[in-house]
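For reference, structure-v2.pdb (PDB, C-alpha atoms, pLDDT in the B column):
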MODEL        1
ATOM      1  CA  MET A  19     -36.719  90.386 -55.600  1.00 89.00           C
ATOM      2  CA  LEU A  20     -38.806  87.637 -54.020  1.00 94.00           C
ATOM      3  CA  LEU A  21     -35.827  86.502 -51.943  1.00 95.00           C
ATOM      4  CA  ALA A  22     -35.771  89.965 -50.350  1.00 96.00           C
ATOM      5  CA  VAL A  23     -39.468  89.572 -49.509  1.00 96.00           C
ATOM      6  CA  VAL A  24     -38.793  86.176 -47.899  1.00 96.00           C
ATOM      7  CA  VAL A  25     -35.984  87.663 -45.802  1.00 97.00           C
ATOM      8  CA  ALA A  26     -38.110  90.696 -44.907  1.00 97.00           C
ATOM      9  CA  CYS A  27     -40.971  88.420 -43.825  1.00 96.00           C
ATOM     10  CA  GLU A  28     -38.663  86.370 -41.615  1.00 96.00           C
ATOM     11  CA  ILE A  29     -37.371  89.554 -40.005  1.00 97.00           C
ATOM     12  CA  GLY A  30     -40.937  90.870 -39.812  1.00 97.00           C
ATOM     13  CA  PHE A  31     -42.085  87.701 -38.025  1.00 97.00           C
ATOM     14  CA  TRP A  32     -39.535  88.226 -35.254  1.00 97.00           C
ATOM     15  CA  VAL A  33     -40.107  91.990 -35.056  1.00 98.00           C
ATOM     16  CA  VAL A  34     -43.889  91.632 -34.694  1.00 97.00           C
ATOM     17  CA  LEU A  35     -43.430  88.778 -32.222  1.00 97.00           C
ATOM     18  CA  ALA A  36     -40.947  90.786 -30.148  1.00 97.00           C
ATOM     19  CA  ALA A  37     -43.185  93.867 -30.255  1.00 98.00           C
ATOM     20  CA  GLY A  38     -46.119  91.811 -28.999  1.00 97.00           C
ATOM     21  CA  LEU A  39     -44.096  90.316 -26.168  1.00 97.00           C
ATOM     22  CA  VAL A  40     -42.540  93.654 -25.182  1.00 97.00           C
ATOM     23  CA  ALA A  41     -46.007  95.216 -25.066  1.00 97.00           C
ATOM     24  CA  ARG A  42     -47.346  92.277 -23.066  1.00 96.00           C
ATOM     25  CA  TYR A  43     -44.609  92.037 -20.428  1.00 96.00           C
ATOM     26  CA  PRO A  44     -42.223  95.006 -19.942  1.00 96.00           C
ATOM     27  CA  LEU A  45     -44.848  97.607 -20.984  1.00 97.00           C
ATOM     28  CA  ARG A  46     -47.654  95.728 -19.167  1.00 95.00           C
ATOM     29  CA  ARG A  47     -50.128  96.266 -22.012  1.00 97.00           C
ATOM     30  CA  PRO A  48     -51.597  92.780 -22.457  1.00 95.00           C
ATOM     31  CA  ARG A  49     -54.313  93.804 -24.919  1.00 97.00           C
ATOM     32  CA  LEU A  50     -51.853  95.571 -27.187  1.00 97.00           C
ATOM     33  CA  GLY A  51     -49.506  92.593 -26.868  1.00 96.00           C
ATOM     34  CA  ALA A  52     -52.284  90.167 -27.782  1.00 95.00           C
ATOM     35  CA  ALA A  53     -53.287  92.322 -30.771  1.00 96.00           C
ATOM     36  CA  LEU A  54     -49.696  92.367 -32.036  1.00 97.00           C
ATOM     37  CA  LEU A  55     -49.320  88.613 -31.543  1.00 95.00           C
ATOM     38  CA  VAL A  56     -52.503  88.039 -33.544  1.00 94.00           C
ATOM     39  CA  CYS A  57     -50.854  90.010 -36.363  1.00 95.00           C
ATOM     40  CA  VAL A  58     -47.901  87.592 -36.622  1.00 94.00           C
ATOM     41  CA  PRO A  59     -49.659  85.402 -39.251  1.00 94.00           C
ATOM     42  CA  LEU A  60     -50.252  88.503 -41.392  1.00 96.00           C
ATOM     43  CA  VAL A  61     -46.550  88.392 -42.211  1.00 96.00           C
ATOM     44  CA  ASP A  62     -47.149  84.985 -43.838  1.00 96.00           C
ATOM     45  CA  LEU A  63     -50.072  86.416 -45.767  1.00 96.00           C
ATOM     46  CA  VAL A  64     -47.827  89.165 -47.165  1.00 97.00           C
ATOM     47  CA  LEU A  65     -45.362  86.532 -48.392  1.00 97.00           C
ATOM     48  CA  LEU A  66     -48.114  84.426 -49.946  1.00 96.00           C
ATOM     49  CA  VAL A  67     -49.560  87.414 -51.813  1.00 96.00           C
ATOM     50  CA  ALA A  68     -46.107  88.529 -53.009  1.00 97.00           C
ATOM     51  CA  THR A  69     -45.329  85.037 -54.306  1.00 96.00           C
ATOM     52  CA  VAL A  70     -48.642  84.672 -56.125  1.00 95.00           C
ATOM     53  CA  LEU A  71     -48.298  88.131 -57.690  1.00 95.00           C
ATOM     54  CA  ASP A  72     -44.768  87.349 -58.849  1.00 96.00           C
ATOM     55  CA  LEU A  73     -45.884  84.130 -60.542  1.00 94.00           C
ATOM     56  CA  ARG A  74     -48.954  85.822 -61.961  1.00 93.00           C
ATOM     57  CA  ARG A  75     -46.778  88.450 -63.643  1.00 95.00           C
ATOM     58  CA  GLY A  76     -45.099  85.644 -65.568  1.00 94.00           C
ATOM     59  CA  ALA A  77     -41.975  84.994 -63.497  1.00 94.00           C
ATOM     60  CA  THR A  78     -40.259  81.669 -63.966  1.00 95.00           C
ATOM     61  CA  ALA A  79     -40.311  79.837 -60.651  1.00 96.00           C
ATOM     62  CA  SER A  80     -36.964  80.015 -58.904  1.00 96.00           C
ATOM     63  CA  ALA A  81     -35.439  78.802 -55.669  1.00 96.00           C
ATOM     64  CA  SER A  82     -36.968  81.899 -54.033  1.00 97.00           C
ATOM     65  CA  HIS A  83     -40.468  80.665 -54.862  1.00 97.00           C
ATOM     66  CA  GLY A  84     -39.653  77.253 -53.402  1.00 97.00           C
ATOM     67  CA  LEU A  85     -38.150  78.876 -50.312  1.00 97.00           C
ATOM     68  CA  ALA A  86     -41.291  80.994 -49.896  1.00 97.00           C
ATOM     69  CA  ALA A  87     -43.485  77.869 -49.976  1.00 98.00           C
ATOM     70  CA  ALA A  88     -41.214  76.060 -47.509  1.00 98.00           C
ATOM     71  CA  TYR A  89     -41.183  79.096 -45.213  1.00 97.00           C
ATOM     72  CA  LEU A  90     -44.976  79.309 -45.283  1.00 97.00           C
ATOM     73  CA  GLY A  91     -45.435  75.586 -44.671  1.00 98.00           C
ATOM     74  CA  PHE A  92     -43.087  75.420 -41.731  1.00 97.00           C
ATOM     75  CA  SER A  93     -44.383  78.705 -40.348  1.00 97.00           C
ATOM     76  CA  VAL A  94     -47.870  77.178 -40.254  1.00 97.00           C
ATOM     77  CA  ALA A  95     -46.525  74.046 -38.547  1.00 98.00           C
ATOM     78  CA  PHE A  96     -44.086  75.601 -36.073  1.00 98.00           C
ATOM     79  CA  GLY A  97     -45.301  79.192 -35.698  1.00 96.00           C
ATOM     80  CA  HIS A  98     -47.504  78.544 -32.688  1.00 95.00           C
ATOM     81  CA  SER A  99     -44.818  76.610 -30.802  1.00 96.00           C
ATOM     82  CA  MET A 100     -42.223  79.288 -31.629  1.00 96.00           C
ATOM     83  CA  ILE A 101     -44.515  81.951 -30.214  1.00 96.00           C
ATOM     84  CA  ARG A 102     -45.107  79.824 -27.105  1.00 96.00           C
ATOM     85  CA  TRP A 103     -41.335  79.290 -26.769  1.00 96.00           C
ATOM     86  CA  ALA A 104     -40.660  83.045 -26.889  1.00 97.00           C
ATOM     87  CA  ASP A 105     -43.623  83.832 -24.621  1.00 96.00           C
ATOM     88  CA  GLN A 106     -42.353  81.484 -21.896  1.00 97.00           C
ATOM     89  CA  ARG A 107     -38.955  83.165 -21.933  1.00 96.00           C
ATOM     90  CA  PHE A 108     -40.392  86.686 -21.858  1.00 95.00           C
ATOM     91  CA  ALA A 109     -42.825  85.767 -19.069  1.00 96.00           C
ATOM     92  CA  HIS A 110     -39.965  84.307 -17.014  1.00 97.00           C
ATOM     93  CA  ARG A 111     -37.615  87.220 -17.637  1.00 96.00           C
ATOM     94  CA  PHE A 112     -40.005  90.157 -17.350  1.00 94.00           C
ATOM     95  CA  ALA A 113     -43.067  88.966 -15.407  1.00 94.00           C
ATOM     96  CA  GLY A 114     -41.723  86.557 -12.816  1.00 94.00           C
ATOM     97  CA  GLY A 115     -43.190  83.577 -14.651  1.00 95.00           C
ATOM     98  CA  PRO A 116     -41.957  80.033 -14.156  1.00 96.00           C
ATOM     99  CA  PRO A 117     -38.762  78.925 -15.881  1.00 96.00           C
ATOM    100  CA  PRO A 118     -39.286  77.896 -19.509  1.00 96.00           C
ATOM    101  CA  VAL A 119     -40.208  74.278 -20.099  1.00 92.00           C
ATOM    102  CA  LYS A 120     -37.306  72.327 -21.532  1.00 94.00           C
ATOM    103  CA  PRO A 121     -37.825  69.334 -23.800  1.00 95.00           C
ATOM    104  CA  PRO A 122     -37.178  65.984 -22.152  1.00 96.00           C
ATOM    105  CA  ARG A 123     -33.620  64.742 -22.522  1.00 95.00           C
ATOM    106  CA  TYR A 124     -33.973  61.016 -21.985  1.00 95.00           C
ATOM    107  CA  GLY A 125     -36.129  57.932 -22.337  1.00 94.00           C
ATOM    108  CA  TRP A 126     -39.557  57.537 -23.820  1.00 94.00           C
ATOM    109  CA  ALA A 127     -40.474  61.126 -22.989  1.00 95.00           C
ATOM    110  CA  ARG A 128     -37.676  62.211 -25.345  1.00 96.00           C
ATOM    111  CA  THR A 129     -38.881  59.727 -27.964  1.00 96.00           C
ATOM    112  CA  ARG A 130     -42.450  61.084 -27.789  1.00 97.00           C
ATOM    113  CA  HIS A 131     -41.072  64.619 -28.074  1.00 97.00           C
ATOM    114  CA  GLU A 132     -39.109  63.698 -31.215  1.00 97.00           C
ATOM    115  CA  TRP A 133     -42.188  62.086 -32.816  1.00 98.00           C
ATOM    116  CA  ARG A 134     -44.304  65.146 -31.971  1.00 98.00           C
ATOM    117  CA  GLU A 135     -41.716  67.525 -33.492  1.00 98.00           C
ATOM    118  CA  TRP A 136     -41.425  65.344 -36.586  1.00 98.00           C
ATOM    119  CA  GLY A 137     -45.236  65.361 -36.841  1.00 98.00           C
ATOM    120  CA  LYS A 138     -45.118  69.152 -36.942  1.00 98.00           C
ATOM    121  CA  GLY A 139     -42.398  68.898 -39.574  1.00 98.00           C
ATOM    122  CA  LEU A 140     -44.611  66.539 -41.570  1.00 98.00           C
ATOM    123  CA  LEU A 141     -47.415  69.104 -41.405  1.00 98.00           C
ATOM    124  CA  GLY A 142     -44.997  71.800 -42.601  1.00 98.00           C
ATOM    125  CA  TRP A 143     -43.881  69.518 -45.444  1.00 98.00           C
ATOM    126  CA  ALA A 144     -47.503  68.830 -46.423  1.00 98.00           C
ATOM    127  CA  VAL A 145     -48.448  72.520 -46.448  1.00 98.00           C
ATOM    128  CA  ALA A 146     -45.302  73.469 -48.384  1.00 98.00           C
ATOM    129  CA  CYS A 147     -45.856  70.689 -50.937  1.00 98.00           C
ATOM    130  CA  ALA A 148     -49.515  71.670 -51.287  1.00 98.00           C
ATOM    131  CA  LEU A 149     -48.471  75.278 -51.967  1.00 97.00           C
ATOM    132  CA  LEU A 150     -45.834  74.135 -54.454  1.00 98.00           C
ATOM    133  CA  GLY A 151     -48.365  71.864 -56.174  1.00 97.00           C
ATOM    134  CA  ALA A 152     -50.933  74.669 -56.288  1.00 97.00           C
ATOM    135  CA  ALA A 153     -48.335  76.976 -57.857  1.00 96.00           C
ATOM    136  CA  ILE A 154     -47.445  74.335 -60.455  1.00 96.00           C
ATOM    137  CA  LEU A 155     -51.126  73.943 -61.354  1.00 96.00           C
ATOM    138  CA  TYR A 156     -51.705  77.712 -61.315  1.00 94.00           C
ATOM    139  CA  VAL A 157     -48.820  78.502 -63.665  1.00 94.00           C
ATOM    140  CA  ASP A 158     -49.560  75.431 -65.837  1.00 94.00           C
ATOM    141  CA  ASP A 159     -46.216  75.545 -67.612  1.00 95.00           C
ATOM    142  CA  ALA A 160     -43.792  72.710 -66.877  1.00 94.00           C
ATOM    143  CA  GLU A 161     -40.793  74.697 -68.066  1.00 94.00           C
ATOM    144  CA  ARG A 162     -41.571  77.660 -65.767  1.00 95.00           C
ATOM    145  CA  THR A 163     -42.268  75.475 -62.715  1.00 96.00           C
ATOM    146  CA  ARG A 164     -39.497  72.878 -62.920  1.00 97.00           C
ATOM    147  CA  GLU A 165     -37.771  74.382 -59.856  1.00 97.00           C
ATOM    148  CA  LEU A 166     -40.924  73.934 -57.760  1.00 97.00           C
ATOM    149  CA  GLY A 167     -40.923  70.200 -58.494  1.00 97.00           C
ATOM    150  CA  ASN A 168     -37.290  70.106 -57.401  1.00 97.00           C
ATOM    151  CA  TRP A 169     -38.344  71.718 -54.113  1.00 98.00           C
ATOM    152  CA  VAL A 170     -40.968  69.017 -53.545  1.00 98.00           C
ATOM    153  CA  GLN A 171     -38.272  66.365 -54.008  1.00 98.00           C
ATOM    154  CA  GLY A 172     -35.817  68.196 -51.753  1.00 98.00           C
ATOM    155  CA  LEU A 173     -38.347  68.740 -48.976  1.00 98.00           C
ATOM    156  CA  THR A 174     -39.392  65.091 -49.190  1.00 98.00           C
ATOM    157  CA  LEU A 175     -35.786  63.977 -48.824  1.00 98.00           C
ATOM    158  CA  VAL A 176     -35.335  66.245 -45.793  1.00 98.00           C
ATOM    159  CA  ILE A 177     -38.490  64.973 -44.042  1.00 98.00           C
ATOM    160  CA  VAL A 178     -37.451  61.328 -44.627  1.00 98.00           C
ATOM    161  CA  ILE A 179     -33.930  61.956 -43.283  1.00 98.00           C
ATOM    162  CA  TRP A 180     -35.437  63.736 -40.267  1.00 98.00           C
ATOM    163  CA  LEU A 181     -37.746  60.749 -39.690  1.00 98.00           C
ATOM    164  CA  VAL A 182     -34.885  58.256 -39.635  1.00 97.00           C
ATOM    165  CA  ALA A 183     -32.326  60.425 -37.827  1.00 97.00           C
ATOM    166  CA  TYR A 184     -34.520  61.477 -34.927  1.00 96.00           C
ATOM    167  CA  PRO A 185     -37.847  59.809 -34.079  1.00 97.00           C
ATOM    168  CA  VAL A 186     -37.039  56.382 -35.526  1.00 97.00           C
ATOM    169  CA  TRP A 187     -33.542  56.405 -34.035  1.00 96.00           C
ATOM    170  CA  GLU A 188     -34.908  57.557 -30.653  1.00 95.00           C
ATOM    171  CA  THR A 189     -37.489  54.759 -30.793  1.00 96.00           C
ATOM    172  CA  ILE A 190     -34.849  52.112 -31.544  1.00 96.00           C
ATOM    173  CA  SER A 191     -32.267  53.480 -29.125  1.00 94.00           C
ATOM    174  CA  PRO A 192     -33.711  56.003 -26.650  1.00 92.00           C
ATOM    175  CA  ARG A 193     -31.203  58.241 -24.905  1.00 89.00           C
ATOM    176  CA  ARG A 194     -30.388  57.307 -21.344  1.00 91.00           C
ATOM    177  CA  PRO A 195     -28.837  59.448 -18.637  1.00 89.00           C
ATOM    178  CA  LYS A 196     -25.121  58.932 -18.140  1.00 86.00           C
ATOM    179  CA  SER A 197     -24.439  57.107 -14.919  1.00 78.00           C
TER     180      SER A 197
ENDMDL
END

Just give me the structure as structure tokens.
Amino acid sequence: MLLAVVVACEIGFWVVLAAGLVARYPLRRPRLGAALLVCVPLVDLVLLVATVLDLRRGATASASHGLAAAYLGFSVAFGHSMIRWADQRFAHRFAGGPPPVKPPRYGWARTRHEWREWGKGLLGWAVACALLGAAILYVDDAERTRELGNWVQGLTLVIVIWLVAYPVWETISPRRPKS
């Protein structure tokens, strides 16, 4: 059941975002567009409430609960930049705005970009782990929350691999243009 809520919230995020951008640009209703874009975080609130209610009713934590925490954490960390990414493309396509900004491809600019993105990932990891920890404390039953601890370990492994594979590697060996 909770997995369906997670999927619905992901779809809802993109639907509300698209509605806000369509209102802002093709329909030329900037206030309506801004109001819809402000509602995007409400989708996260729906997921948080659904997860808490599910655990409160006595559910044993499952992968869906861990996925919900990860989704919320990374939505907090990357939501704003995802909205900005989509807004740039809509503005370019429908309002004659400048071409979207592309991330740097080479050199130290690329390295800084990778560190900044990893920093956002670290924030997402921290929020997700805080939510998982709060759920473990809230339920206060090690047997029912074992899966949430597994999610903390899994997310930690992912953030460490990301650190080594991208920002550290880019720092050691920055990409250079092909001559």

- What is the CA of Val157 in chain A to CA of Gly84 in chain A distance in Å? 13.8 Å

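Here, the PyMOL selection byres ((chain A and resi 125) around 10) matches Pro122, Arg123, Tyr124, Trp126, Ala127, Arg128, Thr129, Arg130, Glu188, Thr189, Ser191, Pro192, Arg193, Arg194 and Pro195 of chain A.
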
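Residues matched by the PyMOL selection byres ((chain A and resi 62) around 9) in this file: Cys27, Glu28, Phe31, Val58, Pro59, Leu60, Val61, Leu63, Val64, Leu65, Leu66, Val67, Tyr89, Leu90, Ser93 and Val94 of chain A.
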
- For CA of Ala53 in chain A and CA of Phe108 in chain A, determine how far apart the two atoms are, in Å to one decimal place. 16.7 Å

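The spacing separating CA of Thr69 in chain A from CA of Leu39 in chain A amounts to 28.7 Å.
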
- Query: Counting all atoms listed in the file, what is within 8 Å of Tyr184 in chain A, bar same-chain residues fewer than 4 positions away, as a ChimeraX atom specification?
  - Reply: /A:132-133,180,188

Convert the current residue selection to file output with C-alpha atoms, as a tab-separated table (two decimals), in the coordinates of the input.
chain	number	residue	atom	x	y	z
A	132	GLU	CA	-39.11	63.70	-31.22
A	133	TRP	CA	-42.19	62.09	-32.82
A	180	TRP	CA	-35.44	63.74	-40.27
A	188	GLU	CA	-34.91	57.56	-30.65

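Distances to Leu55 in chain A were evaluated for A:Glu165, A:Asp105, A:Glu135, A:Asp158 using only C-alpha atoms, and the minimum falls at A:Asp105.
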
- Can you pull out every residue within 7 Å of Gly38 in chain A, counting all atoms listed in the file, but drop anything in the same chain fewer than 2 positions away, and send it as an NGL selection string? :A and (34-36 or 40-42 or 51-52 or 54-55)

- Do a neighbour search on range 95-103 of chain A at 7 Å with only C-alpha atoms, toss out local chain neighbours closer than 2 positions, and write the hits as a VMD selection string. chain A and resid 91 to 93 105 to 107 138 to 139 141 to 142

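With all atoms listed in the file as the basis for measurement, A:Val119 is the residue among A:Leu175, A:Val119, A:Val24, A:Ile154 that approaches Ala104 in chain A most closely.
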